[in-house]
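Peer 1: Dropping in input.txt, with compact mmCIF, C-alpha atoms.
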# COMPACT_ATOMS: atom_id res chain seq x y z
CA MET A 137 -7.97 -36.16 95.81
CA GLY A 138 -5.39 -38.86 95.21
CA THR A 139 -2.41 -38.22 92.99
CA THR A 140 -3.56 -41.04 90.70
CA TRP A 141 -6.49 -38.91 89.50
CA TYR A 142 -4.16 -36.17 88.36
CA LEU A 143 -1.81 -38.64 86.69
CA VAL A 144 -4.60 -40.36 84.75
CA LEU A 145 -5.98 -36.97 83.67
CA SER A 146 -2.50 -35.99 82.54
CA ALA A 147 -2.16 -39.24 80.56
CA LEU A 148 -5.52 -38.61 78.90
CA LEU A 149 -4.57 -35.05 77.93
CA PHE A 150 -1.23 -36.27 76.58
CA ALA A 151 -2.98 -38.93 74.47
CA ILE A 152 -5.41 -36.33 73.09
CA GLY A 153 -2.49 -34.08 72.16
CA ALA A 154 -0.59 -36.93 70.49
CA GLY A 155 -3.68 -37.99 68.54
CA GLY A 156 -4.13 -34.38 67.43
CA VAL A 157 -0.57 -34.20 66.11
CA LEU A 158 -1.21 -37.38 64.12
CA VAL A 159 -4.58 -36.41 62.70
CA ARG A 160 -4.33 -32.68 61.93
CA ARG A 161 -2.44 -31.14 59.00
CA SER A 162 -2.30 -27.43 59.73
CA PRO A 163 1.06 -26.56 61.35
CA LEU A 164 -0.72 -24.06 63.60
CA VAL A 165 -3.00 -26.73 65.08
CA ILE A 166 -0.06 -29.11 65.44
CA LEU A 167 1.70 -26.47 67.54
CA LEU A 168 -1.46 -26.20 69.67
CA CYS A 169 -1.40 -29.98 70.18
CA LEU A 170 2.24 -29.76 71.26
CA GLU A 171 1.10 -27.24 73.88
CA LEU A 172 -1.48 -29.76 75.08
CA MET A 173 1.23 -32.39 75.55
CA LEU A 174 3.65 -30.03 77.31
CA ASN A 175 0.90 -28.88 79.67
CA SER A 176 -0.13 -32.43 80.50
CA ALA A 177 3.50 -33.16 81.39
CA ASN A 178 3.46 -30.07 83.62
CA LEU A 179 0.34 -31.37 85.37
CA ALA A 180 2.06 -34.70 86.06
CA LEU A 181 5.18 -32.91 87.36
CA LEU A 182 3.17 -30.74 89.74
CA ALA A 183 1.12 -33.73 90.92
CA PHE A 184 4.28 -35.65 91.78
CA GLY A 185 5.76 -32.56 93.43
CA ARG A 186 2.64 -32.20 95.59
CA ASN A 187 2.77 -35.89 96.43
CA LEU A 188 6.38 -35.70 97.60
CA GLY A 189 5.94 -32.30 99.26
CA ASN A 190 8.88 -31.03 97.21
CA ALA A 191 8.81 -27.62 95.52
CA ASP A 192 11.58 -28.48 93.02
CA ALA A 193 8.91 -29.76 90.64
CA GLN A 194 7.44 -26.27 90.43
CA VAL A 195 10.77 -24.87 89.22
CA PHE A 196 10.85 -27.69 86.67
CA ALA A 197 7.35 -26.73 85.51
CA MET A 198 8.41 -23.10 85.11
CA ILE A 199 11.37 -24.16 82.93
CA VAL A 200 9.01 -26.32 80.83
CA MET A 201 6.85 -23.24 80.32
CA VAL A 202 9.90 -21.24 79.17
CA VAL A 203 10.86 -23.95 76.68
CA ALA A 204 7.26 -24.09 75.44
CA ALA A 205 7.28 -20.32 74.90
CA CYS A 206 10.51 -20.59 72.88
CA GLU A 207 9.04 -23.38 70.78
CA VAL A 208 5.92 -21.31 70.10
CA VAL A 209 7.93 -18.27 69.07
CA VAL A 210 10.12 -20.17 66.61
CA GLY A 211 7.20 -22.26 65.30
CA LEU A 212 4.99 -19.24 64.69
CA GLY A 213 7.92 -17.46 63.02
CA LEU A 214 8.24 -20.43 60.67
CA ILE A 215 4.50 -20.37 59.92
CA VAL A 216 4.60 -16.65 59.10
CA ALA A 217 7.65 -17.21 56.88
CA MET A 218 5.88 -20.08 55.07
CA TYR A 219 2.82 -17.89 54.55
CA ARG A 220 4.90 -15.02 53.15
CA ARG A 221 6.62 -17.33 50.66
CA ARG A 222 3.28 -18.77 49.49
CA ILE A 223 4.18 -22.25 50.75
CA PRO A 224 0.90 -24.09 51.46
CA LEU A 225 0.26 -24.39 55.21
CA ASP A 226 -0.05 -28.16 55.17
CA VAL A 227 2.54 -30.43 56.75
CA ASP A 228 2.02 -33.02 54.03
CA GLU A 229 2.82 -30.50 51.32
CA ALA A 230 5.84 -29.07 53.09
CA ARG A 231 7.69 -32.32 53.52
CA GLU A 232 10.93 -31.18 51.91
CA LEU A 233 13.52 -29.02 53.61
CA ARG A 234 14.62 -27.60 50.27
CA GLY A 235 13.05 -24.20 49.76
CA MET B 58 -15.47 -29.36 97.86
CA GLU B 59 -12.08 -30.30 96.55
CA GLN B 60 -13.59 -33.09 94.48
CA VAL B 61 -16.03 -30.65 92.89
CA ALA B 62 -13.20 -28.27 92.01
CA PHE B 63 -11.09 -31.11 90.62
CA PHE B 64 -13.84 -32.47 88.40
CA ALA B 65 -14.82 -29.00 87.19
CA GLY B 66 -11.20 -28.33 86.24
CA ALA B 67 -10.79 -31.76 84.68
CA ILE B 68 -13.93 -31.41 82.57
CA GLY B 69 -12.84 -27.96 81.41
CA ALA B 70 -9.35 -29.19 80.54
CA LEU B 71 -10.62 -32.27 78.71
CA GLY B 72 -13.32 -30.36 76.85
CA GLY B 73 -10.83 -27.70 75.80
CA ALA B 74 -8.34 -30.31 74.64
CA ILE B 75 -10.93 -32.21 72.59
CA ALA B 76 -12.20 -28.95 71.09
CA VAL B 77 -8.62 -28.01 70.08
CA ILE B 78 -8.27 -31.08 67.90
CA ALA B 79 -11.90 -31.31 66.76
CA LEU B 80 -12.67 -27.77 65.59
CA ARG B 81 -11.89 -27.19 61.93
CA ASN B 82 -11.10 -23.47 62.13
CA PRO B 83 -7.64 -22.86 63.70
CA PHE B 84 -8.89 -19.63 65.26
CA TYR B 85 -11.50 -21.51 67.32
CA SER B 86 -8.86 -24.09 68.24
CA VAL B 87 -6.77 -21.32 69.76
CA LEU B 88 -9.75 -20.08 71.79
CA ALA B 89 -10.42 -23.65 72.98
CA LEU B 90 -6.81 -23.85 74.13
CA VAL B 91 -7.36 -20.72 76.25
CA VAL B 92 -10.25 -22.51 78.01
CA HIS B 93 -7.99 -25.54 78.49
CA LEU B 94 -5.19 -23.45 79.99
CA PHE B 95 -7.52 -21.66 82.42
CA SER B 96 -8.93 -24.98 83.65
CA LEU B 97 -5.42 -26.32 84.04
CA ALA B 98 -4.44 -23.28 86.10
CA GLY B 99 -7.32 -24.13 88.43
CA LEU B 100 -5.94 -27.66 88.80
CA PHE B 101 -2.50 -26.22 89.55
CA LEU B 102 -4.10 -24.19 92.34
CA LEU B 103 -5.53 -27.40 93.79
CA LEU B 104 -2.00 -28.84 93.77
CA HIS B 105 -0.78 -25.86 95.85
CA ALA B 106 1.27 -24.47 92.95
CA GLU B 107 0.01 -20.92 93.29
CA PHE B 108 2.91 -19.22 91.57
CA VAL B 109 2.91 -21.63 88.62
CA ALA B 110 -0.86 -21.18 88.26
CA ALA B 111 -0.48 -17.38 88.18
CA ALA B 112 2.33 -17.66 85.63
CA GLN B 113 0.18 -20.01 83.58
CA VAL B 114 -2.65 -17.49 83.39
CA VAL B 115 -0.49 -14.42 82.83
CA VAL B 116 2.20 -15.81 80.52
CA TYR B 117 0.41 -18.64 78.77
CA ALA B 118 -3.25 -17.76 78.57
CA GLY B 119 -2.29 -14.11 78.23
CA ALA B 120 0.86 -13.48 76.22
CA VAL B 121 1.43 -16.69 74.28
CA MET B 122 -2.21 -17.01 73.29
CA VAL B 123 -2.26 -13.42 71.99
CA LEU B 124 0.62 -14.43 69.72
CA TYR B 125 -1.38 -17.45 68.54
CA VAL B 126 -4.51 -15.39 67.93
CA PHE B 127 -2.47 -12.87 65.95
CA VAL B 128 -0.88 -15.52 63.73
CA ALA B 129 -4.18 -17.40 63.27
CA ALA B 130 -5.83 -14.16 62.16
CA TYR B 131 -2.86 -13.23 59.93
CA VAL B 132 -2.72 -16.58 58.17
CA GLY B 133 -6.49 -16.85 57.98
CA GLY B 134 -8.70 -19.92 58.06
CA VAL B 135 -6.87 -22.59 56.13
CA GLU B 136 -9.19 -25.31 54.90
CA GLU B 137 -7.73 -28.71 55.61
CA PRO B 138 -8.24 -31.20 52.81
CA LEU B 139 -10.59 -34.03 53.62
CA TRP B 140 -8.60 -36.79 51.96
CA ASP B 141 -6.09 -38.77 53.97
CA ALA B 142 -2.43 -38.35 53.13
CA ILE B 143 -1.76 -41.80 54.52
CA PRO B 144 -4.57 -44.32 53.88
CA GLY B 145 -6.58 -44.87 57.06
CA GLN B 146 -4.91 -41.99 58.89
CA ARG B 147 -8.16 -40.79 60.43
CA ILE B 148 -8.89 -44.21 61.89
CA LEU B 149 -5.37 -45.20 62.87
CA ALA B 150 -4.42 -41.94 64.65
CA PRO B 151 -7.13 -42.11 67.37
CA LEU B 152 -6.32 -45.79 67.85
CA ILE B 153 -2.65 -44.94 68.44
CA GLY B 154 -3.71 -42.16 70.84
CA ALA B 155 -5.95 -44.58 72.76
CA ALA B 156 -3.14 -47.14 72.91
CA LEU B 157 -0.83 -44.44 74.31
CA PHE B 158 -3.40 -43.56 76.99
CA ILE B 159 -3.85 -47.19 78.00
CA GLU B 160 -0.11 -47.70 78.16
CA LEU B 161 0.42 -44.61 80.34
CA SER B 162 -2.46 -45.61 82.61
CA ILE B 163 -1.00 -49.10 83.03
CA ALA B 164 2.34 -47.52 83.87
CA VAL B 165 0.75 -45.28 86.53
CA LEU B 166 -1.79 -47.69 88.03
CA GLY B 167 0.43 -50.75 87.71
CA SER B 168 3.26 -49.13 89.62
CA GLY B 169 1.40 -50.06 92.81
CA LEU B 170 2.86 -47.12 94.72
CA LYS B 171 0.76 -46.72 97.87
CA SER B 172 1.45 -43.02 98.21
CA LEU B 173 -0.20 -42.30 94.85
CA GLY B 174 -3.59 -43.18 96.31
CA ASP B 175 -3.73 -40.35 98.82
CA GLU B 176 -2.90 -36.68 99.02
CA GLY B 177 0.78 -37.20 99.71
CA GLU B 178 3.08 -35.64 102.25
CA VAL B 179 2.03 -32.88 104.59
CA ILE B 180 3.30 -29.76 102.90
CA PRO B 181 4.99 -26.92 104.77
CA ALA B 182 3.40 -23.50 105.01
CA GLY B 183 4.16 -21.27 102.04
CA PHE B 184 4.56 -24.24 99.67
CA GLY B 185 4.40 -22.98 96.10
CA SER B 186 4.25 -19.33 97.06
CA PRO B 187 6.20 -16.81 94.96
CA GLU B 188 8.67 -16.48 97.81
CA ALA B 189 9.45 -20.20 97.94
CA VAL B 190 9.68 -20.63 94.16
CA GLY B 191 11.74 -17.46 93.75
CA ARG B 192 14.15 -18.59 96.43
CA LEU B 193 14.62 -21.92 94.68
CA LEU B 194 15.03 -20.27 91.27
CA LEU B 195 17.66 -17.81 92.39
CA GLU B 196 19.58 -20.01 94.79
CA ARG B 197 19.47 -23.68 94.02
CA PHE B 198 18.51 -23.50 90.33
CA LEU B 199 20.37 -20.36 89.32
CA ILE B 200 22.18 -21.95 86.36
CA PRO B 201 19.02 -23.46 84.78
CA PHE B 202 17.34 -20.09 85.33
CA GLU B 203 20.08 -18.25 83.46
CA ALA B 204 20.13 -20.92 80.75
CA ALA B 205 16.36 -20.43 80.30
CA SER B 206 16.82 -16.69 79.90
CA LEU B 207 19.52 -17.28 77.28
CA LEU B 208 17.20 -19.71 75.47
CA LEU B 209 14.45 -17.09 75.42
CA LEU B 210 16.86 -14.53 73.95
CA ILE B 211 17.96 -16.95 71.22
CA ALA B 212 14.33 -17.81 70.39
CA ALA B 213 13.39 -14.13 70.16
CA VAL B 214 16.29 -13.38 67.82
CA GLY B 215 15.48 -16.48 65.77
CA ALA B 216 11.84 -15.49 65.38
CA VAL B 217 12.82 -12.02 64.19
CA VAL B 218 15.23 -13.50 61.64
CA LEU B 219 12.66 -16.05 60.43
CA ALA B 220 9.71 -13.73 60.08
CA ALA B 221 11.57 -10.66 58.83
CA ARG B 222 10.59 -9.37 55.41
CA ARG B 223 13.47 -10.18 53.11
CA PRO B 224 14.58 -7.73 50.39
CA ALA B 225 13.79 -8.80 46.85
CA PRO B 226 16.39 -11.22 45.51
CA VAL B 227 19.26 -9.45 43.80
CA ASP B 228 19.90 -10.42 40.21
CA ARG B 229 23.51 -11.54 40.39
CA GLY B 230 23.87 -12.77 36.83
CA GLY B 231 22.98 -9.49 35.12
CA ALA B 232 25.39 -7.01 33.59
CA ALA B 233 26.95 -4.63 36.03
Since I need it in another form, could you write the structure as structure tokens?
Peer 2:
Amino acid sequence: MGTTWYLVLSALLFAIGAGGVLVRRSPLVILLCLELMLNSANLALLAFGRNLGNADAQVFAMIVMVVAACEVVVGLGLIVAMYRRRIPLDVDEARELRG
Amino acid sequence: MEQVAFFAGAIGALGGAIAVIALRNPFYSVLALVVHLFSLAGLFLLLHAEFVAAAQVVVYAGAVMVLYVFVAAYVGGVEEPLWDAIPGQRILAPLIGAALFIELSIAVLGSGLKSLGDEGEVIPAGFGSPEAVGRLLLERFLIPFEAASLLLLIAAVGAVVLAARRPAPVDRGGAA
């Protein structure tokens, strides 16, 4: 399989994730869409790494996974905090930083 | 054979991704993401990234998704309102997504790189094995590795601080 196939698939997944961030309102689903975008970027990285025969891309992908895990942990912590304080879980409602 | 595996993985990944944004219940969205991540791990295997694929299944589809399932169950099914916050949001957002896909595809296909059309270089034996990736992580990329571990520590502490149950606010204005 040519690398182009993987790259186009990665572009499609990224576009789906970006459309999801724009169209959904629940912060939980928006975090899921961010995961989609990060994973599509990982797919592109690994496809290029395979194409060049260079394993550095795999280390890069691992670091992306670490950053994604951090983002999930902080984001889910925020969602739980919002839920505890009875703030509606809707990104259009929670548009002010002021608590 | 490889084509079959690629298209099976691609269909699973695309179906999972579409289900994530299309399902109304966040709990089902999380389960769709698990399907997506498993399919993606299969694609990583095709790209000879065995260690990354294993980490994807164990860390992502295992640990991170358990966290998501827990929070989705804790928060409960939140009904999203049907009205648009921005007029035409439901029509404009897919259009912007499609424009992004077309732009990325033009960038990839229009680059005209010959090597993108085929498999790529001949890879050495043991490419993507835990040994090779571990050697790179602990020798050449030691500083990014340590920085990542520090980042994880900060994120863990931050999550505990954010989600901790706060004591009831003290009445500071009252008589002592």
Peer 1: Write out as a ChimeraX atom specification which residues come within 10 Å of Ala177 of chain A when counting only C-alpha atoms, dropping same-chain ones fewer than 2 positions away.
Peer 2: /A:143,146-147,149-150,171-175,179-183,197,200
Peer 1: Pick out the closest residue to chain B from this set: A:Trp141, A:Asp226, A:Asn187, A:Leu168. Count all atoms listed in the file.
Peer 2: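 The closest residue to chain B is A:Asn187.
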Peer 1: With a distance cut-off of 9 Å and only C-alpha atoms, select the neighbouring residues of segment 209-216 of chain A, excluding the residue or stretch itself and same-chain residues fewer than 5 positions from it, and output the selection as a list in words.
Peer 2: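 Within the cut-off, the hits are Pro163, Leu164, Leu167, Ala204, Arg221 and Leu225 of chain A; Val121, Leu124, Tyr125, Val128, Tyr131, Val132, Ala212, Ala213, Gly215, Ala216, Val217, Val218, Leu219, Ala220 and Ala221 of chain B.
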Peer 1: So how many Å separate atom CA of Cys169 of chain A and atom CA of Arg220 of chain A, to one decimal?
Peer 2: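 A separation of 23.5 Å between them.
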Peer 1: Can you pull out the residues contacting Val227 of chain A? Cut-off 12 Å, using all atoms listed in the file, and skip same-chain residues under 3 positions away; I want them as an MDAnalysis selection string.
Peer 2: (chainID A and resid 157:167 215 218 223:224 230:233) or (chainID B and resid 137:138 142)
Peer 1: Nearest residue to Gly169 of chain B out of A:Thr140, A:Arg186, A:Val203, A:Gly155, using all atoms listed in the file?
Peer 2: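 Looking at the shortest contact to Gly169 of chain B, the residue is A:Thr140.
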Peer 1: Choose the residue, out of B:Val91, B:Ala62, B:Ala106, B:Ala111, that has the smallest atom-to-atom separation from chain A; count all atoms listed in the file.
Peer 2: B:Ala106
Peer 1: Here is a test: counting only C-alpha atoms, which residue of B:Gly66, B:Gly99, B:Gly72, B:Gly154 is nearest to chain A?
Peer 2: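 Once distances to chain A are computed over only C-alpha atoms, the minimum belongs to B:Gly154.
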Peer 1: Please measure the separation of atom CA of Asn190 of chain A and atom CA of Ala164 of chain B, giving the value in Å to one decimal.
Peer 2: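 Between atom CA of Asn190 of chain A and atom CA of Ala164 of chain B the gap works out to 22.2 Å.
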Peer 1: Out of B:Ile211, B:Leu104, B:Pro151, B:Phe95, which residue has the shortest atom-to-atom distance to Ala79 of chain B when counting all atoms listed in the file?
Peer 2: B:Pro151
Peer 1: What is the atom CA of Met201 of chain A-atom CA of Leu173 of chain B distance in Å, reported with one decimal?
Peer 2: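 Spanning atom CA of Met201 of chain A to atom CA of Leu173 of chain B is a straight-line distance of 25.0 Å.
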Peer 1: Counting only C-alpha atoms, figure out which residue out of B:Ile159, B:Ile78, B:Leu199, B:Val116 gets nearest to chain A.
Peer 2: B:Ile78
Peer 1: Mind working out the centre and edge lengths of an axis-aligned box for segment 171-179 of chain B, all listed atoms inside, 3 Å added to each side, rounded to one decimal in Å and written as AutoDock Vina command-line options?
Peer 2:
--center_x -0.3 --center_y -39.8 --center_z 99.7 --size_x 12.8 --size_y 19.8 --size_z 15.7
Peer 1: Which neighbours of segment 175-188 of chain B fall inside 8 Å, counting only C-alpha atoms, when residues of the same chain fewer than 3 positions from it are skipped, and could you give them as a ChimeraX atom specification?
Peer 2: /A:137-139,186-189,191,194 /B:105-109,171-172,191-192
Peer 1: Please check which residues have atoms at most 8 Å from (-8.2, -16.7, 78.4) in the file's coordinates, counting all atoms listed in the file, and write them as a list in words.
Peer 2: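 Final list of nearby residues, as requested, is Leu88, Val91, Val92, Leu94, Phe95, Val114, Ala118, Gly119 and Met122 of chain B.
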